>>> print(open('final-v5.cif').read())   # mmCIF, C-alpha atoms and all ligand atoms
data_start
loop_
_atom_site.group_PDB
_atom_site.id
_atom_site.type_symbol
_atom_site.label_atom_id
_atom_site.label_comp_id
_atom_site.auth_asym_id
_atom_site.auth_seq_id
_atom_site.Cartn_x
_atom_site.Cartn_y
_atom_site.Cartn_z
ATOM 1 C CA MET A 1 -16.786 -12.381 -30.910
ATOM 2 C CA GLU A 2 -13.273 -12.700 -29.445
ATOM 3 C CA PRO A 3 -12.683 -10.265 -26.552
ATOM 4 C CA PRO A 4 -10.182 -7.532 -27.538
ATOM 5 C CA THR A 5 -6.569 -8.296 -26.628
ATOM 6 C CA LYS A 6 -5.480 -6.607 -23.470
ATOM 7 C CA ARG A 7 -2.166 -4.901 -23.908
ATOM 8 C CA VAL A 8 0.740 -3.497 -21.918
ATOM 9 C CA LEU A 9 2.856 -0.560 -23.056
ATOM 10 C CA VAL A 10 6.236 -0.630 -21.328
ATOM 11 C CA ALA A 11 7.891 2.807 -21.149
ATOM 12 C CA ARG A 12 11.609 2.835 -21.923
ATOM 13 C CA PRO A 13 13.823 3.865 -20.308
ATOM 14 C CA HIS A 14 12.563 2.914 -16.873
ATOM 15 C CA GLY A 15 14.169 1.733 -13.646
ATOM 16 C CA TYR A 16 17.782 1.959 -12.506
ATOM 17 C CA CYS A 17 19.783 5.075 -13.333
ATOM 18 C CA ALA A 18 23.560 5.331 -13.283
ATOM 19 C CA GLY A 19 23.623 6.995 -9.841
ATOM 20 C CA VAL A 20 21.521 4.302 -8.187
ATOM 21 C CA ASP A 21 23.465 1.528 -9.869
ATOM 22 C CA ARG A 22 26.689 3.073 -8.578
ATOM 23 C CA ALA A 23 25.348 3.488 -5.032
ATOM 24 C CA VAL A 24 24.158 -0.118 -4.805
ATOM 25 C CA ARG A 25 27.436 -1.418 -6.252
ATOM 26 C CA THR A 26 29.285 0.713 -3.696
ATOM 27 C CA VAL A 27 27.586 -1.030 -0.763
ATOM 28 C CA GLU A 28 28.127 -4.436 -2.376
ATOM 29 C CA LYS A 29 31.823 -3.640 -2.884
ATOM 30 C CA ALA A 30 32.160 -2.429 0.714
ATOM 31 C CA LEU A 31 30.576 -5.669 1.977
ATOM 32 C CA GLU A 32 33.018 -7.644 -0.156
ATOM 33 C CA THR A 33 36.066 -5.620 0.901
ATOM 34 C CA TYR A 34 35.422 -5.171 4.618
ATOM 35 C CA GLY A 35 32.845 -7.868 5.368
ATOM 36 C CA PRO A 36 29.587 -7.227 7.240
ATOM 37 C CA PRO A 37 28.410 -5.250 8.996
ATOM 38 C CA ILE A 38 28.692 -2.225 6.736
ATOM 39 C CA TYR A 39 26.767 0.782 8.023
ATOM 40 C CA VAL A 40 24.778 2.894 5.595
ATOM 41 C CA ARG A 41 23.539 6.326 6.623
ATOM 42 C CA LYS A 42 19.903 6.623 5.405
ATOM 43 C CA GLN A 43 18.432 4.364 2.741
ATOM 44 C CA ILE A 44 21.169 3.980 0.131
ATOM 45 C CA VAL A 45 18.467 4.606 -2.518
ATOM 46 C CA HIS A 46 14.744 5.027 -1.933
ATOM 47 C CA ASN A 47 13.588 1.498 -2.691
ATOM 48 C CA ARG A 48 12.334 -1.095 -0.213
ATOM 49 C CA HIS A 49 13.488 -4.125 -2.192
ATOM 50 C CA VAL A 50 17.027 -2.773 -2.594
ATOM 51 C CA VAL A 51 17.304 -1.910 1.091
ATOM 52 C CA GLU A 52 15.941 -5.288 2.236
ATOM 53 C CA THR A 53 18.272 -7.178 -0.143
ATOM 54 C CA LEU A 54 21.343 -5.316 1.125
ATOM 55 C CA GLU A 55 20.207 -5.779 4.739
ATOM 56 C CA ALA A 56 20.084 -9.519 4.170
ATOM 57 C CA ARG A 57 23.721 -9.341 3.023
ATOM 58 C CA GLY A 58 24.903 -7.475 6.116
ATOM 59 C CA ALA A 59 24.262 -3.784 5.503
ATOM 60 C CA VAL A 60 22.954 -1.952 8.571
ATOM 61 C CA PHE A 61 20.896 1.137 7.785
ATOM 62 C CA VAL A 62 21.064 3.959 10.310
ATOM 63 C CA GLU A 63 19.673 7.451 10.435
ATOM 64 C CA GLU A 64 22.735 9.250 11.788
ATOM 65 C CA ASN A 65 26.465 8.760 12.292
ATOM 66 C CA ASP A 66 26.115 8.526 16.078
ATOM 67 C CA GLU A 67 24.481 5.105 15.604
ATOM 68 C CA VAL A 68 27.662 3.804 13.917
ATOM 69 C CA PRO A 69 30.332 2.286 16.201
ATOM 70 C CA GLU A 70 33.523 4.355 16.338
ATOM 71 C CA GLY A 71 35.993 3.405 13.627
ATOM 72 C CA ALA A 72 33.454 1.424 11.552
ATOM 73 C CA VAL A 73 32.774 1.777 7.819
ATOM 74 C CA VAL A 74 29.828 3.974 6.833
ATOM 75 C CA VAL A 75 28.453 4.592 3.350
ATOM 76 C CA PHE A 76 26.627 7.841 2.571
ATOM 77 C CA SER A 77 23.593 7.476 0.337
ATOM 78 C CA ALA A 78 23.102 8.549 -3.292
ATOM 79 C CA HIS A 79 21.082 11.602 -2.180
ATOM 80 C CA GLY A 80 24.118 13.428 -0.813
ATOM 81 C CA VAL A 81 25.022 14.863 2.572
ATOM 82 C CA ALA A 82 25.759 18.241 4.112
ATOM 83 C CA PRO A 83 29.413 18.977 5.074
ATOM 84 C CA GLU A 84 28.490 18.638 8.765
ATOM 85 C CA VAL A 85 27.777 14.937 8.158
ATOM 86 C CA HIS A 86 31.350 14.435 6.968
ATOM 87 C CA ALA A 87 32.535 16.384 10.032
ATOM 88 C CA SER A 88 30.557 14.234 12.484
ATOM 89 C CA ALA A 89 31.895 11.078 10.801
ATOM 90 C CA ALA A 90 35.455 12.366 11.159
ATOM 91 C CA ALA A 91 34.825 13.113 14.840
ATOM 92 C CA ARG A 92 33.905 9.437 15.356
ATOM 93 C CA ALA A 93 36.867 8.234 13.257
ATOM 94 C CA LEU A 94 34.485 6.532 10.830
ATOM 95 C CA LYS A 95 35.796 5.249 7.534
ATOM 96 C CA THR A 96 33.468 6.955 5.065
ATOM 97 C CA ILE A 97 32.529 5.942 1.548
ATOM 98 C CA ASP A 98 30.489 8.623 -0.151
ATOM 99 C CA ALA A 99 28.005 7.215 -2.690
ATOM 100 C CA THR A 100 26.469 10.629 -3.462
ATOM 101 C CA CYS A 101 25.412 10.601 -7.115
ATOM 102 C CA PRO A 102 27.846 12.706 -9.165
ATOM 103 C CA LEU A 103 24.847 14.623 -10.539
ATOM 104 C CA VAL A 104 23.884 15.628 -6.984
ATOM 105 C CA THR A 105 27.504 16.600 -6.296
ATOM 106 C CA LYS A 106 27.290 18.845 -9.369
ATOM 107 C CA VAL A 107 24.374 20.714 -7.719
ATOM 108 C CA HIS A 108 26.360 20.945 -4.449
ATOM 109 C CA ASN A 109 29.234 22.541 -6.362
ATOM 110 C CA GLU A 110 26.885 25.014 -8.054
ATOM 111 C CA ALA A 111 25.434 25.967 -4.651
ATOM 112 C CA ARG A 112 28.889 26.605 -3.225
ATOM 113 C CA ARG A 113 29.948 28.630 -6.287
ATOM 114 C CA PHE A 114 26.846 30.851 -6.204
ATOM 115 C CA ALA A 115 27.217 31.313 -2.440
ATOM 116 C CA ALA A 116 30.892 32.268 -2.837
ATOM 117 C CA ALA A 117 29.796 34.907 -5.364
ATOM 118 C CA ASP A 118 27.382 36.198 -2.701
ATOM 119 C CA TYR A 119 24.146 35.187 -4.448
ATOM 120 C CA ASP A 120 20.941 34.262 -2.675
ATOM 121 C CA ILE A 121 20.039 30.794 -3.968
ATOM 122 C CA LEU A 122 16.457 29.693 -4.534
ATOM 123 C CA LEU A 123 16.549 25.898 -4.341
ATOM 124 C CA ILE A 124 13.416 24.402 -5.908
ATOM 125 C CA GLY A 125 12.770 21.120 -4.120
ATOM 126 C CA HIS A 126 10.826 19.259 -1.485
ATOM 127 C CA GLN A 127 11.337 20.577 2.027
ATOM 128 C CA GLY A 128 12.701 17.775 4.228
ATOM 129 C CA HIS A 129 13.858 15.516 1.342
ATOM 130 C CA GLU A 130 17.358 14.151 1.997
ATOM 131 C CA GLU A 131 18.786 15.605 -1.191
ATOM 132 C CA VAL A 132 17.416 19.063 -0.360
ATOM 133 C CA ILE A 133 18.849 18.838 3.171
ATOM 134 C CA GLY A 134 22.256 17.857 1.748
ATOM 135 C CA THR A 135 22.262 20.635 -0.850
ATOM 136 C CA THR A 136 21.046 23.250 1.628
ATOM 137 C CA GLY A 137 23.905 22.258 3.920
ATOM 138 C CA GLN A 138 26.418 23.404 1.285
ATOM 139 C CA ALA A 139 25.464 27.051 1.920
ATOM 140 C CA PRO A 140 22.803 27.184 4.627
ATOM 141 C CA GLU A 141 23.009 30.940 5.091
ATOM 142 C CA ARG A 142 22.321 31.606 1.393
ATOM 143 C CA ILE A 143 19.781 28.944 0.350
ATOM 144 C CA HIS A 144 16.004 29.368 0.447
ATOM 145 C CA VAL A 145 13.966 26.250 -0.336
ATOM 146 C CA ILE A 146 11.100 26.820 -2.787
ATOM 147 C CA ASP A 147 8.763 23.869 -2.337
ATOM 148 C CA GLY A 148 6.563 24.659 -5.364
ATOM 149 C CA PRO A 149 4.935 27.692 -6.977
ATOM 150 C CA GLN A 150 3.088 28.658 -3.770
ATOM 151 C CA ASP A 151 6.410 29.591 -2.089
ATOM 152 C CA VAL A 152 7.457 32.083 -4.764
ATOM 153 C CA SER A 153 5.577 35.116 -3.455
ATOM 154 C CA ASP A 154 6.857 34.757 0.125
ATOM 155 C CA VAL A 155 10.602 34.416 -0.401
ATOM 156 C CA THR A 156 12.768 37.400 0.535
ATOM 157 C CA VAL A 157 16.305 37.989 -0.725
ATOM 158 C CA ARG A 158 18.973 40.526 0.128
ATOM 159 C CA ASP A 159 19.517 41.866 -3.396
ATOM 160 C CA PRO A 160 17.061 41.021 -6.220
ATOM 161 C CA ALA A 161 19.897 41.527 -8.735
ATOM 162 C CA LYS A 162 21.928 38.690 -7.178
ATOM 163 C CA VAL A 163 19.600 35.719 -7.143
ATOM 164 C CA ALA A 164 20.160 32.286 -8.694
ATOM 165 C CA TRP A 165 17.975 29.195 -8.814
ATOM 166 C CA LEU A 166 18.927 25.544 -8.489
ATOM 167 C CA SER A 167 16.756 22.442 -8.174
ATOM 168 C CA GLN A 168 16.502 18.978 -6.723
ATOM 169 C CA THR A 169 17.485 16.421 -9.385
ATOM 170 C CA THR A 170 14.256 14.420 -9.342
ATOM 171 C CA LEU A 171 11.474 16.977 -9.835
ATOM 172 C CA SER A 172 8.803 17.224 -12.485
ATOM 173 C CA VAL A 173 10.376 19.040 -15.425
ATOM 174 C CA ASP A 174 7.120 20.823 -16.298
ATOM 175 C CA GLU A 175 6.304 21.927 -12.771
ATOM 176 C CA THR A 176 9.844 23.197 -12.228
ATOM 177 C CA THR A 177 9.681 25.200 -15.467
ATOM 178 C CA GLN A 178 6.498 26.864 -14.176
ATOM 179 C CA THR A 179 8.115 27.649 -10.827
ATOM 180 C CA VAL A 180 11.160 29.164 -12.546
ATOM 181 C CA GLU A 181 8.845 31.317 -14.703
ATOM 182 C CA LEU A 182 7.151 32.643 -11.565
ATOM 183 C CA LEU A 183 10.513 33.282 -9.913
ATOM 184 C CA ARG A 184 11.655 35.166 -13.002
ATOM 185 C CA GLN A 185 8.557 37.360 -12.861
ATOM 186 C CA ARG A 186 9.520 38.323 -9.295
ATOM 187 C CA PHE A 187 13.259 38.504 -9.968
ATOM 188 C CA PRO A 188 13.854 39.469 -13.626
ATOM 189 C CA LEU A 189 17.634 39.199 -13.156
ATOM 190 C CA LEU A 190 17.375 35.623 -11.872
ATOM 191 C CA THR A 191 20.462 33.584 -12.837
ATOM 192 C CA SER A 192 20.067 29.989 -14.039
ATOM 193 C CA PRO A 193 22.418 27.102 -13.264
ATOM 194 C CA PRO A 194 25.002 26.412 -15.979
ATOM 195 C CA SER A 195 23.121 23.229 -16.986
ATOM 196 C CA ASP A 196 19.931 21.417 -15.988
ATOM 197 C CA ASP A 197 19.842 20.200 -12.395
ATOM 198 C CA ILE A 198 16.962 17.800 -13.069
ATOM 199 C CA CYS A 199 19.034 14.813 -14.074
ATOM 200 C CA TYR A 200 19.011 12.974 -17.399
ATOM 201 C CA ALA A 201 17.392 9.880 -15.821
ATOM 202 C CA THR A 202 14.487 11.824 -14.302
ATOM 203 C CA GLN A 203 13.888 13.665 -17.571
ATOM 204 C CA ASN A 204 14.073 10.540 -19.736
ATOM 205 C CA ARG A 205 11.674 8.546 -17.513
ATOM 206 C CA GLN A 206 9.163 11.406 -17.474
ATOM 207 C CA GLN A 207 9.418 11.806 -21.259
ATOM 208 C CA ALA A 208 8.941 8.049 -21.764
ATOM 209 C CA VAL A 209 5.826 7.887 -19.565
ATOM 210 C CA LYS A 210 4.391 10.929 -21.366
ATOM 211 C CA GLN A 211 4.660 9.001 -24.630
ATOM 212 C CA ILE A 212 2.530 6.100 -23.421
ATOM 213 C CA ALA A 213 0.149 7.817 -20.967
ATOM 214 C CA PRO A 214 -2.410 9.167 -23.471
ATOM 215 C CA SER A 215 -3.058 5.589 -24.715
ATOM 216 C CA CYS A 216 -3.343 4.070 -21.225
ATOM 217 C CA ASP A 217 -6.393 3.323 -19.099
ATOM 218 C CA VAL A 218 -4.094 2.872 -16.150
ATOM 219 C CA VAL A 219 -0.350 3.346 -15.639
ATOM 220 C CA ILE A 220 1.446 1.238 -13.055
ATOM 221 C CA VAL A 221 4.593 2.872 -11.680
ATOM 222 C CA VAL A 222 6.902 0.548 -9.777
ATOM 223 C CA GLY A 223 8.629 2.513 -7.028
ATOM 224 C CA SER A 224 8.569 3.349 -3.333
ATOM 225 C CA ARG A 225 6.483 6.116 -1.753
ATOM 226 C CA ASN A 226 9.582 7.952 -0.517
ATOM 227 C CA SER A 227 11.121 7.933 -3.998
ATOM 228 C CA SER A 228 10.662 11.450 -5.363
ATOM 229 C CA ASN A 229 11.193 10.557 -8.999
ATOM 230 C CA SER A 230 8.761 7.601 -8.773
ATOM 231 C CA VAL A 231 6.003 9.759 -7.259
ATOM 232 C CA ARG A 232 6.624 12.318 -10.022
ATOM 233 C CA LEU A 233 6.064 9.589 -12.655
ATOM 234 C CA VAL A 234 2.541 9.021 -11.318
ATOM 235 C CA GLU A 235 1.802 12.758 -11.545
ATOM 236 C CA VAL A 236 3.349 13.091 -15.008
ATOM 237 C CA ALA A 237 1.340 10.090 -16.279
ATOM 238 C CA LEU A 238 -1.914 11.639 -15.040
ATOM 239 C CA ASP A 239 -1.034 15.072 -16.466
ATOM 240 C CA ALA A 240 -0.215 13.473 -19.809
ATOM 241 C CA GLY A 241 -3.610 11.817 -20.117
ATOM 242 C CA ALA A 242 -3.576 8.453 -18.352
ATOM 243 C CA ARG A 243 -7.035 7.771 -16.898
ATOM 244 C CA ALA A 244 -5.464 6.450 -13.683
ATOM 245 C CA ALA A 245 -1.960 5.863 -12.321
ATOM 246 C CA HIS A 246 -0.783 3.922 -9.261
ATOM 247 C CA LEU A 247 2.515 3.523 -7.419
ATOM 248 C CA ILE A 248 3.429 0.038 -6.166
ATOM 249 C CA ASP A 249 6.496 -1.465 -4.519
ATOM 250 C CA PHE A 250 5.651 -5.019 -5.553
ATOM 251 C CA ALA A 251 3.344 -6.675 -8.129
ATOM 252 C CA HIS A 252 1.149 -8.204 -5.433
ATOM 253 C CA GLU A 253 0.080 -4.688 -4.385
ATOM 254 C CA ILE A 254 -1.851 -4.244 -7.646
ATOM 255 C CA ASP A 255 -5.566 -4.154 -6.920
ATOM 256 C CA ASP A 256 -7.543 -6.195 -9.484
ATOM 257 C CA ALA A 257 -10.181 -3.457 -9.429
ATOM 258 C CA TRP A 258 -7.699 -1.049 -11.068
ATOM 259 C CA LEU A 259 -7.653 -3.278 -14.138
ATOM 260 C CA ALA A 260 -11.344 -4.218 -14.259
ATOM 261 C CA ASP A 261 -12.188 -2.080 -17.305
ATOM 262 C CA ALA A 262 -8.673 -1.567 -18.593
ATOM 263 C CA GLY A 263 -7.724 -2.464 -22.165
ATOM 264 C CA THR A 264 -4.270 -0.862 -22.099
ATOM 265 C CA VAL A 265 -1.994 -0.752 -19.071
ATOM 266 C CA GLY A 266 1.186 1.343 -19.032
ATOM 267 C CA LEU A 267 4.197 0.156 -17.066
ATOM 268 C CA THR A 268 7.200 2.112 -15.874
ATOM 269 C CA ALA A 269 9.512 2.282 -12.858
ATOM 270 C CA GLY A 270 11.401 4.920 -10.898
ATOM 271 C CA ALA A 271 15.159 5.344 -11.090
ATOM 272 C CA SER A 272 15.788 3.317 -7.914
ATOM 273 C CA VAL A 273 13.864 0.208 -9.037
ATOM 274 C CA PRO A 274 15.706 -2.967 -10.053
ATOM 275 C CA GLU A 275 14.541 -4.614 -13.264
ATOM 276 C CA VAL A 276 13.430 -7.789 -11.460
ATOM 277 C CA LEU A 277 10.500 -5.867 -9.924
ATOM 278 C CA VAL A 278 9.404 -4.645 -13.358
ATOM 279 C CA GLU A 279 9.655 -8.186 -14.727
ATOM 280 C CA ASP A 280 7.549 -9.501 -11.819
ATOM 281 C CA THR A 281 4.912 -6.860 -12.514
ATOM 282 C CA LEU A 282 4.854 -7.658 -16.201
ATOM 283 C CA ALA A 283 4.477 -11.378 -15.431
ATOM 284 C CA TRP A 284 1.597 -10.547 -13.060
ATOM 285 C CA LEU A 285 -0.156 -8.607 -15.854
ATOM 286 C CA VAL A 286 0.444 -11.323 -18.449
ATOM 287 C CA GLU A 287 -1.089 -13.897 -16.077
ATOM 288 C CA ARG A 288 -4.215 -11.742 -15.960
ATOM 289 C CA GLY A 289 -4.592 -11.665 -19.732
ATOM 290 C CA PHE A 290 -2.508 -8.626 -20.662
ATOM 291 C CA THR A 291 -0.550 -10.640 -23.165
ATOM 292 C CA ASP A 292 0.134 -8.118 -25.909
ATOM 293 C CA VAL A 293 3.314 -6.461 -24.611
ATOM 294 C CA THR A 294 4.991 -3.601 -26.479
ATOM 295 C CA ALA A 295 8.064 -1.677 -25.379
ATOM 296 C CA VAL A 296 7.862 1.993 -26.353
ATOM 297 C CA ALA A 297 11.381 3.277 -26.748
ATOM 298 C CA GLY A 298 12.478 6.785 -25.799
ATOM 299 C CA ALA A 299 15.941 8.140 -25.082
ATOM 300 C CA ARG A 300 18.909 5.779 -25.187
ATOM 301 C CA GLU A 301 20.974 5.861 -22.000
ATOM 302 C CA THR A 302 24.661 5.107 -21.888
ATOM 303 C CA THR A 303 25.741 6.899 -18.686
ATOM 304 C CA VAL A 304 27.798 4.799 -16.273
ATOM 305 C CA PHE A 305 29.532 6.172 -13.175
ATOM 306 C CA ALA A 306 32.730 4.709 -11.719
ATOM 307 C CA LEU A 307 32.625 3.652 -8.065
ATOM 308 C CA PRO A 308 33.662 6.281 -5.506
ATOM 309 C CA GLN A 309 37.433 6.414 -5.068
ATOM 310 C CA GLU A 310 37.201 5.073 -1.477
ATOM 311 C CA ALA A 311 35.276 1.999 -2.691
ATOM 312 C CA ARG A 312 37.830 1.086 -5.328
ATOM 313 C CA VAL A 313 40.432 -0.093 -2.820
ATOM 314 C CA SER A 314 41.002 -3.722 -1.916
ATOM 315 C CA ARG A 315 41.835 -4.498 1.650
ATOM 316 C CA GLY A 316 45.465 -5.416 1.796
HETATM 317 S S1 LIG B 1 17.955 9.945 -10.254
HETATM 318 FE FE1 LIG B 1 19.523 11.200 -11.257
HETATM 319 S S2 LIG B 1 20.505 12.351 -9.605
HETATM 320 FE FE2 LIG B 1 19.350 10.657 -8.651
HETATM 321 S S3 LIG B 1 20.833 8.993 -8.463
HETATM 322 FE FE3 LIG B 1 19.812 8.735 -10.439
HETATM 323 S S4 LIG B 1 21.143 9.788 -11.943
HETATM 324 FE FE4 LIG B 1 21.697 10.507 -9.893
#
>>> encode(input="final-v5.cif", output="structure tokens", more="lines below")
Ligand code: SF4
Amino acid sequence: MEPPTKRVLVARPHGYCAGVDRAVRTVEKALETYGPPIYVRKQIVHNRHVVETLEARGAVFVEENDEVPEGAVVVFSAHGVAPEVHASAAARALKTIDATCPLVTKVHNEARRFAAADYDILLIGHQGHEEVIGTTGQAPERIHVIDGPQDVSDVTVRDPAKVAWLSQTTLSVDETTQTVELLRQRFPLLTSPPSDDICYATQNRQQAVKQIAPSCDVVIVVGSRNSSNSVRLVEVALDAGARAAHLIDFAHEIDDAWLADAGTVGLTAGASVPEVLVEDTLAWLVERGFTDVTAVAGARETTVFALPQEARVSRG
């Protein structure tokens, strides 16, 4: 008897979102306009391949502005920065190009609006993540970080009638809903943001992996360990019924043992992952006999963001 065909279900959408695409194009444009080196504060997006490719073209990644020579060009990453980062750049006369994703900027604006109205803000997100640091910096005296349901019982606010919640853009939709429910039990007058903070790309990729996970023996998520939305895809795949799920940066990191008894492998990628890495992974699977490849389509994405104003100039 012929062995059963081994198959791959490719979740769509996967990979690059509009904010990551914009951030990477911003660094490329800066390299073109000003020539290397171009300094980038923090990883422009959380993906090893992207960072290494830009480094090879002359981008220099630094942790803080004080590592950038006075007067040089510095790009701020897609995750956003606190106002003090802009201030320290100005103090060094740096030419700044801010590649903060517009959907992160939207959360910054919400934080400032709630703070101006004298609310305490419960920011659901991962303590220490760059985006959370940047958002907290918009109103540090008003924001309390809620790093999951376990933090709900401990938080103290000045007035329980003036409390609002916001969230990091790349969380698990389901887990965040649970945390908000718990917050609402403690603070019945809790105010919600005007629209979802978890961005369209995070939601669509989680929804797409949920569609395929129940049919998968193993789901491979292409993405880096420091990429919040990629790590969430592994968790969402497991919660949705995948027997196993693994995060890899590159195809060669796949352990053959993961596939030993697998008939169906799911494939997806975080929002900071270029398509070439997904293609490499698919080719790796096809070489190992997973030749029946089906794309499982979810939401259609049409969002495109224009480059930051400061990156649109040509050097005259
Ligand atoms: S994951 Fe969402 S918030 Fe983050 S860069 Fe992409 S579109 Fe923007």
>>> closest_residue(input="final-v5.cif", among="A:Ala59, A:Val296, A:Val27, A:Ala208", to="A:Ala99", atoms="only C-alpha atoms")
A:Val27
>>> residues_around(input="final-v5.cif", residues="A:Glu28", least_positions_apart="5", cutoff="9 Å", atoms="all atoms listed in the file", output="list in words")
Ala23, Thr33, Leu54, Arg57 and Ala59 of chain A
>>> atom_distance(input="final-v5.cif", atom1="atom CA of A:Ala295", atom2="atom FE1 of ligand LIG 1 (chain B)")
22.3 Å
>>> atom_distance(input="final-v5.cif", atom1="atom CA of A:Thr179", atom2="atom CA of A:Ala116")
24.6 Å
>>> closest_atom_pairs(input="final-v5.cif", of="chain A", to="ligand LIG 1 (chain B)", cutoff="6 Å", atoms="all atoms listed in the file", output="CSV")
residue,atom,partner,partner_atom,distance
A:Cys17,CA,B:LIG1,FE3,4.7
A:Ala18,CA,B:LIG1,S4,5.2
A:Gly19,CA,B:LIG1,S3,3.7
A:Val20,CA,B:LIG1,S3,4.7
A:Ala78,CA,B:LIG1,S3,5.7
A:Cys101,CA,B:LIG1,FE4,4.6
A:Leu103,CA,B:LIG1,S2,5.0
A:Val104,CA,B:LIG1,S2,5.4
A:Thr169,CA,B:LIG1,S2,5.1
A:Thr170,CA,B:LIG1,S1,5.9
A:Cys199,CA,B:LIG1,FE1,4.6
A:Ala201,CA,B:LIG1,FE1,5.2
A:Thr202,CA,B:LIG1,S1,5.7
A:Ala271,CA,B:LIG1,S1,5.4
>>> write_last_selection(input="final-v5.cif", atoms="C-alpha atoms", output="PDB file, in the frame of the given file")
ATOM      1  CA  CYS A  17      19.783   5.075 -13.333  1.00  0.00           C
ATOM      2  CA  ALA A  18      23.560   5.331 -13.283  1.00  0.00           C
ATOM      3  CA  GLY A  19      23.623   6.995  -9.841  1.00  0.00           C
ATOM      4  CA  VAL A  20      21.521   4.302  -8.187  1.00  0.00           C
ATOM      5  CA  ALA A  78      23.102   8.549  -3.292  1.00  0.00           C
ATOM      6  CA  CYS A 101      25.412  10.601  -7.115  1.00  0.00           C
ATOM      7  CA  LEU A 103      24.847  14.623 -10.539  1.00  0.00           C
ATOM      8  CA  VAL A 104      23.884  15.628  -6.984  1.00  0.00           C
ATOM      9  CA  THR A 169      17.485  16.421  -9.385  1.00  0.00           C
ATOM     10  CA  THR A 170      14.256  14.420  -9.342  1.00  0.00           C
ATOM     11  CA  CYS A 199      19.034  14.813 -14.074  1.00  0.00           C
ATOM     12  CA  ALA A 201      17.392   9.880 -15.821  1.00  0.00           C
ATOM     13  CA  THR A 202      14.487  11.824 -14.302  1.00  0.00           C
ATOM     14  CA  ALA A 271      15.159   5.344 -11.090  1.00  0.00           C
TER      15      ALA A 271
END
>>> resolve_selection(input="final-v5.cif", expression="the PyMOL selection byres (((chain A and resi 85) around 10) and not hetatm)", output="list in words")
Arg41, Glu64, Asn65, Phe76, Gly80, Val81, Ala82, Pro83, Glu84, His86, Ala87, Ser88, Ala89, Ala90, Ala91, Gly134 and Gly137 of chain A
>>> residues_around(input="final-v5.cif", residues="A:Thr268", least_positions_apart="5", cutoff="10 Å", atoms="only C-alpha atoms", output="ChimeraX atom specification")
/A:9-15,205-206,208-209,212,219-223,230,233-234,237,247,273,278,281
>>> closest_residue(input="final-v5.cif", among="A:Leu171, A:Ile248, A:Val73, A:Leu190", to="A:Glu235", atoms="all atoms listed in the file")
A:Leu171
>>> residues_around(input="final-v5.cif", residues="stretch 283-286 of chain A", least_positions_apart="2", cutoff="12 Å", atoms="all atoms listed in the file", output="PyMOL selection string")
chain A and resi 5-10+219-220+250-256+258-259+262-267+276-281+288-293
>>> resolve_selection(input="final-v5.cif", expression="the PyMOL selection byres (((chain A and resi 175) around 12) and not hetatm)", output="short mmCIF file (atom, residue, chain, number, x, y, z; two decimals) with C-alpha atoms, in the coordinates of the input")
data_model
loop_
_atom_site.label_atom_id
_atom_site.label_comp_id
_atom_site.auth_asym_id
_atom_site.auth_seq_id
_atom_site.Cartn_x
_atom_site.Cartn_y
_atom_site.Cartn_z
CA ILE A 124 13.42 24.40 -5.91
CA GLY A 125 12.77 21.12 -4.12
CA ASP A 147 8.76 23.87 -2.34
CA GLY A 148 6.56 24.66 -5.36
CA PRO A 149 4.93 27.69 -6.98
CA GLN A 150 3.09 28.66 -3.77
CA SER A 167 16.76 22.44 -8.17
CA THR A 170 14.26 14.42 -9.34
CA LEU A 171 11.47 16.98 -9.84
CA SER A 172 8.80 17.22 -12.48
CA VAL A 173 10.38 19.04 -15.42
CA ASP A 174 7.12 20.82 -16.30
CA THR A 176 9.84 23.20 -12.23
CA THR A 177 9.68 25.20 -15.47
CA GLN A 178 6.50 26.86 -14.18
CA THR A 179 8.12 27.65 -10.83
CA VAL A 180 11.16 29.16 -12.55
CA GLU A 181 8.85 31.32 -14.70
CA LEU A 182 7.15 32.64 -11.56
CA ILE A 198 16.96 17.80 -13.07
CA GLN A 206 9.16 11.41 -17.47
CA ARG A 232 6.62 12.32 -10.02
CA GLU A 235 1.80 12.76 -11.54
CA VAL A 236 3.35 13.09 -15.01
CA ASP A 239 -1.03 15.07 -16.47
#
